[in-house]
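Visitor: Just dropping this structure here.
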Amino acid sequence: MSDLRQPPEPHSAAVGEQPALQGGEPSAGAQSREEASPVGRLAATVARLRQEVRAAQAEADGRALIELAKGILVERLGCGPAQASRQLAELTAQAGVTPLEFAVEVINQASRDRLSEVTSAFLAATADPSAGRTAAADPADGHSSAVRLRAAESGALAAEDTQAVADSLLEHALTPLGAEAVAIWALGADGSLTLAGSAGFAPAEAGRWRHVPPGVTTVARRGLTERTGQWIRSLSETGLPSIGQHHHSDGGRVAVPAEAGGRIHGVLEIAWPAPLESPPAAIVRQVEALAELCAHTLETYALHHPDGAPAPRVLPDVTELMDLADGLHDPALVLVPHLGPDGRLVDFRIHHVNSRFLDPAGRPRGVVSGALLLEAYPMAAGQSELFERVERVYATGEPFRAHRMRLTALVDDVQLAAVADINVSRHGGSVLLIWRIEDETARLASLLQHAQRLGRIGGFEENLLTGEITWNGQLFHLYGKPASEPPVPLEDLPAHAHPDDAVAIGRFLRTVLHQRRPASTAFRLQRPDGVTRHLRVVAEPVLDSAGQLYVLRGAYQDISAHHWTEVALSATRDQLAHTEQEASERDRLTLQLQHAIMPPAQAPLEVPGLDLAVRYRPAETQHLVGGDWYDAVVLPSRLVLLCVGDVAGHGIEAATSMVVLRNALRGLAVTGAGPGQLLSWLNMVAHHLTGAVTATAVCGLYDPEHNTLRWARAGHLPPVLVRGSDAAPLPLVKGLLLGAVPETTYEEHEVQLAAEDTLLMYTDGLIERRDRSVEESLAQFLTVARAVPPTLDQQLDRLLTHSRSDTDDDTCIVGIRVA
């Protein structure tokens, strides 16, 4: 009748039920008073309804089992449901049992018959791997395989020790599968492995592998990591040590955990003579069944001592574990395994709760005691993985510890969480679960401790009446003193500080001790290890009811890093100030040099029949002094030299290069050569005599007698001719920028000017913009140039005013107007 669902025992209270009364039965008077109260009546009603629900569930389960037995009879007898019902009633009457008991017997017998059929067919297929489906189809061969399996089981059950079990498994079950050796390992409480029995290995080899300490990685230990075990094709390919590694190195290995009831008692290791390919599912199931058989053997029988005398296994009683839990200062639970109908572990029963137990949801001990772990804490199998940890500890015996694990309890569909330190250990067949829930005070103290450590702050308290001084650990660390030495009184601080800080410390002590006011000061601490640290001390006096000073509280903070950072910042600020001063002086000298060579305002030239004006606008930022230049001079031939140019770059280098080109062009112009030849010579100067500088330029020679202009360009924008209400650039002539190649020629162009014509030469600083093309900027410039003011000076000023350049570049304009 063990397969029937029995009503829950009284002690297995579900989550939310009222706890059972402790300390014996209550008196009749007390019980009647409790039942008469509203709460007592409600509790009695709930208990009665719960009993009725359990009875209804048991009755429904019984009817389901009877219907299942009728279905089995329909299948076996080949009759209808009505005839099967009559047959079941007759057999029940003959057996003299209840219909429910007889139905359970019919179901169990059907299950055993079905298992026998599956086992016979499986062994028939695996006894001769080369036979394939033919062997599985032979009833006689399947029957002999089933006999061998039962013989192996019988031999294991009748064996006196695990060595006899190993011999029986190899002879009856593993040799037909092609295996040549087997080893049964027992798992110790400390994680070690002991060879409990072996067959097929040399006796000397078994003696060398009698004990494997914890932490040593072997094939057997690898088998503990997974429920399905380790299936190794060839031992030599893995390089793992194991028993028989020299004589069976080329063969396959299998290491399967020996588990029973959710607890791993050891490992079953099997050796094959040849490499092991992917085994069929039938082989895997048979090996797992043999491992479970070994688990029952390891659980039932004790290991043998070297002298051969059996040593019975002594397991701690659950009562002893309860006493151990009651002696702890932390909340503890004693858990016992709860197995399902199939013998597998499904849950843990909370067998005992110690007096210091504190439920995360605030429930009393009686509600949790006796319940299943997943009933009391259903979230243990989800977020925190607590149930998986407990299950692993029970299976392997390896203890588990966790810091600040999140525990979640589900009460009336409301999740209540807490943070706790967890300790899980196995004791015999039970598990001890200890948790220390972190309360708000401990959490705040931990936060304060970490804050002091990160901030390098040490606190102190000094009782002036008793002389007791309290330091925290961080303050001992700041002083470089071990915790075993006595703390330093505040009034002895000058003896541990740098002599130069004596005045500041004396003022601090007078303020705190005599004036009884809070104070702080910074000083240099000279530690015993010779290290000097910069500290800041803060202290406040505490007065009693009579106004007398009796306690000093305060803190030290290591500000060495802050001090040296301030020193480094101060040095950096000084360096930056010096650098800025040098840069400002450099810019001032550069600007003075440029203005000295080419002043922004220049007196106009006196040329008969011609108005001439120039404008120069330096960049708005002084550190961007550029290489823009212009020139307008009357030559000895009475021709007027007009030119503008732009040297690449900024700064003193561009300014000096500009001076060289401007003066060179003036000297070359007195030769009487045309503008094209002048630019060819100036190109050689730029390439050979100025360090390969590059520049653009426009050069023109105006003849006042004939009102003609001959001009050439070197990569520069052409001049603009304003005639009446029209403004347009002159035709573009070929000309490479100066300094690009050693020698080149430049085309010339001649234009005839009429009265009231205006000719403009300019640098790109007048029109260039970052957000538009040169063509768009030039079109805007021509629009402004078409409006001709009365005088040439007004026109140049208007062009500068309406200039929309934003490139922070110098600007030069040279303009002439025919009278």
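In the structure tokens, the first chain shown is A, the next is B, and so on; residue numbers restart at 1 for each chain, and ligands run from 1 in the order shown.
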Could you find all residues in stretch 741-779 of chain A that DSSP calls helix (DSSP H, G or I) from the backbone, and write them as a ChimeraX atom specification?
Guide: /A:764-766,774-779
Visitor: Step one, run DSSP on the backbone; step two, keep only residues of stretch 603-713 of chain A assigned to strand (DSSP E); then write them as a ChimeraX atom specification.
Guide: /A:610-617,626-634,640-650,695-703,708-713
Visitor: Leaving out A:His248 and any residue of its chain fewer than 5 positions from it, which residues lie within 12 Å of it when counting only C-alpha atoms, given as a compact mmCIF listing (two decimals) with C-alpha atoms, in the first residue's frame?
Guide:
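Saved as part11.txt:
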# COMPACT_ATOMS: atom_id res chain seq x y z
CA ALA A 179 33.77 -4.73 -20.52
CA GLU A 180 36.95 -6.15 -18.98
CA ALA A 181 37.25 -4.40 -15.58
CA VAL A 182 35.15 -2.54 -13.05
CA GLY A 200 39.52 -7.22 -13.69
CA PHE A 201 42.37 -5.02 -12.45
CA ALA A 202 45.67 -6.37 -11.12
CA GLU A 205 47.12 -1.79 -9.28
CA SER A 234 39.77 6.42 -24.99
CA LEU A 235 41.57 6.96 -21.68
CA SER A 236 44.85 7.90 -23.40
CA PRO A 241 44.89 9.41 -14.27
CA SER A 242 42.84 6.39 -13.20
CA ILE A 243 43.15 2.83 -12.02
CA ARG A 253 36.08 4.38 -19.79
CA ILE A 270 33.95 0.52 -16.08
CA ALA A 271 36.87 -0.18 -18.43
CA TRP A 272 36.57 -1.49 -22.02
CA PRO A 273 39.49 -3.04 -23.96
CA ALA A 274 38.84 -1.01 -27.12
CA PRO A 275 37.85 2.61 -27.78
Visitor: Could you pull the residues within 8 Å of A:Ala539, counting only C-alpha atoms, minus those fewer than 4 positions along the same chain, as a ChimeraX atom specification?
Guide: /A:512,518-520,552-555
Visitor: Export, as a short mmCIF file (atom, residue, chain, number, x, y, z; two decimals), in the first residue's frame, the selected residues with all heavy atoms.
Guide:
data_model
loop_
_atom_site.label_atom_id
_atom_site.label_comp_id
_atom_site.auth_asym_id
_atom_site.auth_seq_id
_atom_site.Cartn_x
_atom_site.Cartn_y
_atom_site.Cartn_z
N VAL A 512 40.20 72.02 21.70
CA VAL A 512 39.38 70.87 22.07
C VAL A 512 39.37 70.67 23.58
O VAL A 512 38.31 70.49 24.19
CB VAL A 512 39.89 69.60 21.34
CG1 VAL A 512 39.13 68.38 21.83
CG2 VAL A 512 39.75 69.75 19.84
N PRO A 518 34.71 71.86 19.10
CA PRO A 518 35.24 70.99 18.04
C PRO A 518 36.30 71.73 17.23
O PRO A 518 36.23 72.94 17.02
CB PRO A 518 34.00 70.66 17.19
CG PRO A 518 32.83 70.94 18.09
CD PRO A 518 33.25 72.05 18.99
N ALA A 519 37.29 70.97 16.76
CA ALA A 519 38.37 71.56 15.99
C ALA A 519 38.97 70.50 15.08
O ALA A 519 38.73 69.29 15.24
CB ALA A 519 39.44 72.15 16.91
N SER A 520 39.76 70.96 14.12
CA SER A 520 40.45 70.06 13.19
C SER A 520 41.76 70.71 12.78
O SER A 520 41.91 71.94 12.84
CB SER A 520 39.59 69.79 11.95
OG SER A 520 39.40 70.97 11.19
N LEU A 552 36.22 62.25 24.45
CA LEU A 552 36.62 62.87 23.18
C LEU A 552 36.34 61.88 22.05
O LEU A 552 36.72 60.70 22.13
CB LEU A 552 38.11 63.21 23.18
CG LEU A 552 38.57 64.37 24.06
CD1 LEU A 552 40.09 64.49 24.02
CD2 LEU A 552 37.92 65.67 23.61
N ARG A 553 35.64 62.34 21.05
CA ARG A 553 35.35 61.52 19.87
C ARG A 553 35.93 62.21 18.65
O ARG A 553 35.95 63.44 18.57
CB ARG A 553 33.85 61.32 19.67
CG ARG A 553 33.16 60.54 20.77
CD ARG A 553 31.81 60.06 20.29
NE ARG A 553 31.04 59.46 21.36
CZ ARG A 553 30.04 60.05 22.00
NH1 ARG A 553 29.68 61.28 21.64
NH2 ARG A 553 29.40 59.44 22.97
N GLY A 554 36.39 61.43 17.70
CA GLY A 554 36.93 62.04 16.50
C GLY A 554 37.36 61.02 15.48
O GLY A 554 37.07 59.82 15.60
N ALA A 555 38.08 61.52 14.49
CA ALA A 555 38.51 60.66 13.39
C ALA A 555 39.77 61.24 12.77
O ALA A 555 40.00 62.46 12.79
CB ALA A 555 37.41 60.51 12.34
#
Visitor: Which polymer residues have any atom within 10 Å of an atom of stretch 95-103 of chain A, counting only C-alpha atoms, with same-chain residues fewer than 6 positions away left out, as a PyMOL selection string?
Guide: chain A and resi 1+4+59+61-70+72+88-89+109
Visitor: Write out the residues from the selection above, keeping N, CA and C atoms, as an mmCIF file, in the first residue's frame.
Guide:
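And here's again_16.cif as it stands now:
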data_model
loop_
_atom_site.group_PDB
_atom_site.id
_atom_site.type_symbol
_atom_site.label_atom_id
_atom_site.label_comp_id
_atom_site.auth_asym_id
_atom_site.auth_seq_id
_atom_site.Cartn_x
_atom_site.Cartn_y
_atom_site.Cartn_z
ATOM 1 N N MET A 1 0.825 -1.205 0.000
ATOM 2 C CA MET A 1 0.000 0.000 0.000
ATOM 3 C C MET A 1 0.862 1.260 0.000
ATOM 4 N N LEU A 4 -0.069 4.238 -2.525
ATOM 5 C CA LEU A 4 -1.257 5.081 -2.389
ATOM 6 C C LEU A 4 -0.872 6.421 -1.804
ATOM 7 N N GLU A 59 -10.290 9.534 -1.453
ATOM 8 C CA GLU A 59 -11.328 8.729 -2.082
ATOM 9 C C GLU A 59 -11.239 8.788 -3.599
ATOM 10 N N ASP A 61 -8.502 9.398 -5.347
ATOM 11 C CA ASP A 61 -7.325 8.631 -5.750
ATOM 12 C C ASP A 61 -7.622 7.135 -5.735
ATOM 13 N N GLY A 62 -8.371 6.679 -4.736
ATOM 14 C CA GLY A 62 -8.714 5.257 -4.695
ATOM 15 C C GLY A 62 -9.564 4.838 -5.880
ATOM 16 N N ARG A 63 -10.552 5.657 -6.228
ATOM 17 C CA ARG A 63 -11.379 5.327 -7.402
ATOM 18 C C ARG A 63 -10.537 5.297 -8.673
ATOM 19 N N ALA A 64 -9.563 6.220 -8.771
ATOM 20 C CA ALA A 64 -8.719 6.228 -9.962
ATOM 21 C C ALA A 64 -7.885 4.963 -10.061
ATOM 22 N N LEU A 65 -7.377 4.468 -8.915
ATOM 23 C CA LEU A 65 -6.600 3.233 -8.938
ATOM 24 C C LEU A 65 -7.464 2.029 -9.327
ATOM 25 N N ILE A 66 -8.707 2.008 -8.829
ATOM 26 C CA ILE A 66 -9.605 0.889 -9.192
ATOM 27 C C ILE A 66 -9.900 0.912 -10.690
ATOM 28 N N GLU A 67 -10.144 2.103 -11.250
ATOM 29 C CA GLU A 67 -10.396 2.202 -12.687
ATOM 30 C C GLU A 67 -9.169 1.789 -13.486
ATOM 31 N N LEU A 68 -7.968 2.128 -12.995
ATOM 32 C CA LEU A 68 -6.744 1.717 -13.686
ATOM 33 C C LEU A 68 -6.599 0.202 -13.669
ATOM 34 N N ALA A 69 -6.933 -0.458 -12.525
ATOM 35 C CA ALA A 69 -6.871 -1.923 -12.457
ATOM 36 C C ALA A 69 -7.868 -2.561 -13.421
ATOM 37 N N LYS A 70 -9.081 -1.958 -13.562
ATOM 38 C CA LYS A 70 -10.058 -2.480 -14.536
ATOM 39 C C LYS A 70 -9.485 -2.403 -15.949
ATOM 40 N N ILE A 72 -6.369 -2.566 -16.827
ATOM 41 C CA ILE A 72 -5.360 -3.618 -16.999
ATOM 42 C C ILE A 72 -6.032 -4.964 -17.265
ATOM 43 N N LEU A 88 -12.990 -8.265 -11.324
ATOM 44 C CA LEU A 88 -12.267 -7.641 -10.223
ATOM 45 C C LEU A 88 -12.978 -7.863 -8.894
ATOM 46 N N ALA A 89 -14.307 -7.793 -8.891
ATOM 47 C CA ALA A 89 -15.060 -8.018 -7.657
ATOM 48 C C ALA A 89 -14.912 -9.457 -7.173
ATOM 49 N N GLN A 109 1.695 -5.713 -10.088
ATOM 50 C CA GLN A 109 2.058 -6.902 -10.845
ATOM 51 C C GLN A 109 2.221 -6.580 -12.323
#
Visitor: In Å, rounded to a single decimal, give me how far atom CA of A:Arg662 is from atom CA of A:Glu606.
Guide: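 Spanning atom CA of A:Glu606 to atom CA of A:Arg662 is a straight-line distance of 21.0 Å.
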Visitor: Would you list the contacts of A:Cys699 as a ChimeraX atom specification, taking every protein, DNA or RNA residue within 10 Å and counting only C-alpha atoms, but skipping same-chain residues closer than 2 positions in sequence?
Guide: /A:630-631,641-645,665,674-676,678-679,697,701,710-714,716,718-719,748,761
Visitor: Using only C-alpha atoms, which protein or nucleic acid residues come within 6 Å of A:Ala819? Drop anything in the same chain fewer than 5 positions from it, and give the result as a ChimeraX atom specification.
Guide: /A:609-610,755-756
Visitor: Since we have the selection now, will you write its residues out, keeping N, CA and C atoms, as a PDB file, in the first residue's frame?
Guide:
ATOM      1  N   GLY A 609      46.041 110.530 -62.099  1.00  0.00           N
ATOM      2  CA  GLY A 609      44.945 109.876 -62.791  1.00  0.00           C
ATOM      3  C   GLY A 609      44.548 108.533 -62.205  1.00  0.00           C
ATOM      4  N   LEU A 610      44.983 108.244 -60.990  1.00  0.00           N
ATOM      5  CA  LEU A 610      44.683 106.926 -60.388  1.00  0.00           C
ATOM      6  C   LEU A 610      44.491 107.088 -58.888  1.00  0.00           C
ATOM      7  N   ALA A 755      37.677 104.915 -67.633  1.00  0.00           N
ATOM      8  CA  ALA A 755      37.409 105.835 -66.541  1.00  0.00           C
ATOM      9  C   ALA A 755      36.335 105.271 -65.627  1.00  0.00           C
ATOM     10  N   GLU A 756      36.501 105.475 -64.328  1.00  0.00           N
ATOM     11  CA  GLU A 756      35.599 105.022 -63.265  1.00  0.00           C
ATOM     12  C   GLU A 756      35.662 103.504 -63.039  1.00  0.00           C
TER      13      GLU A 756
END
Visitor: So, with only C-alpha atoms as the atoms that count, which of A:Leu721, A:Ile437, A:Val390, A:Ala376 lies closest to A:Phe357?
Guide: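 Nearest to A:Phe357: A:Ile437.
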Visitor: Pick from A:Asp810, A:Asp757, A:Glu485, A:Asp500: nearest to A:Gly724, with only C-alpha atoms counted?
Guide: A:Asp757
Visitor: Would you work out the distance separating atom CA of A:Ser725 from atom CA of A:Val614, expressed in Å to one decimal?
Guide: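 Computed distance, atom CA of A:Ser725 to atom CA of A:Val614, equals 22.0 Å.
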Visitor: As an exercise, work out the distance from atom CA of A:Arg615 to atom CA of A:Arg723 in Å and give it to one decimal place.
Guide: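 Result for atom CA of A:Arg615 versus atom CA of A:Arg723: 20.8 Å, one decimal.
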Visitor: With distances taken over only C-alpha atoms, which of A:Gly266, A:Gly459, A:Gly191, A:Gly627 is nearest to A:Thr297?
Guide: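 Nearest to A:Thr297: A:Gly266.
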Visitor: Between A:Pro487, A:Ile813, A:Gly506, A:Leu478, single out the one closest to A:Leu525, counting only C-alpha atoms.
Guide: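 Under the stated criterion, the closest residue is A:Leu478.
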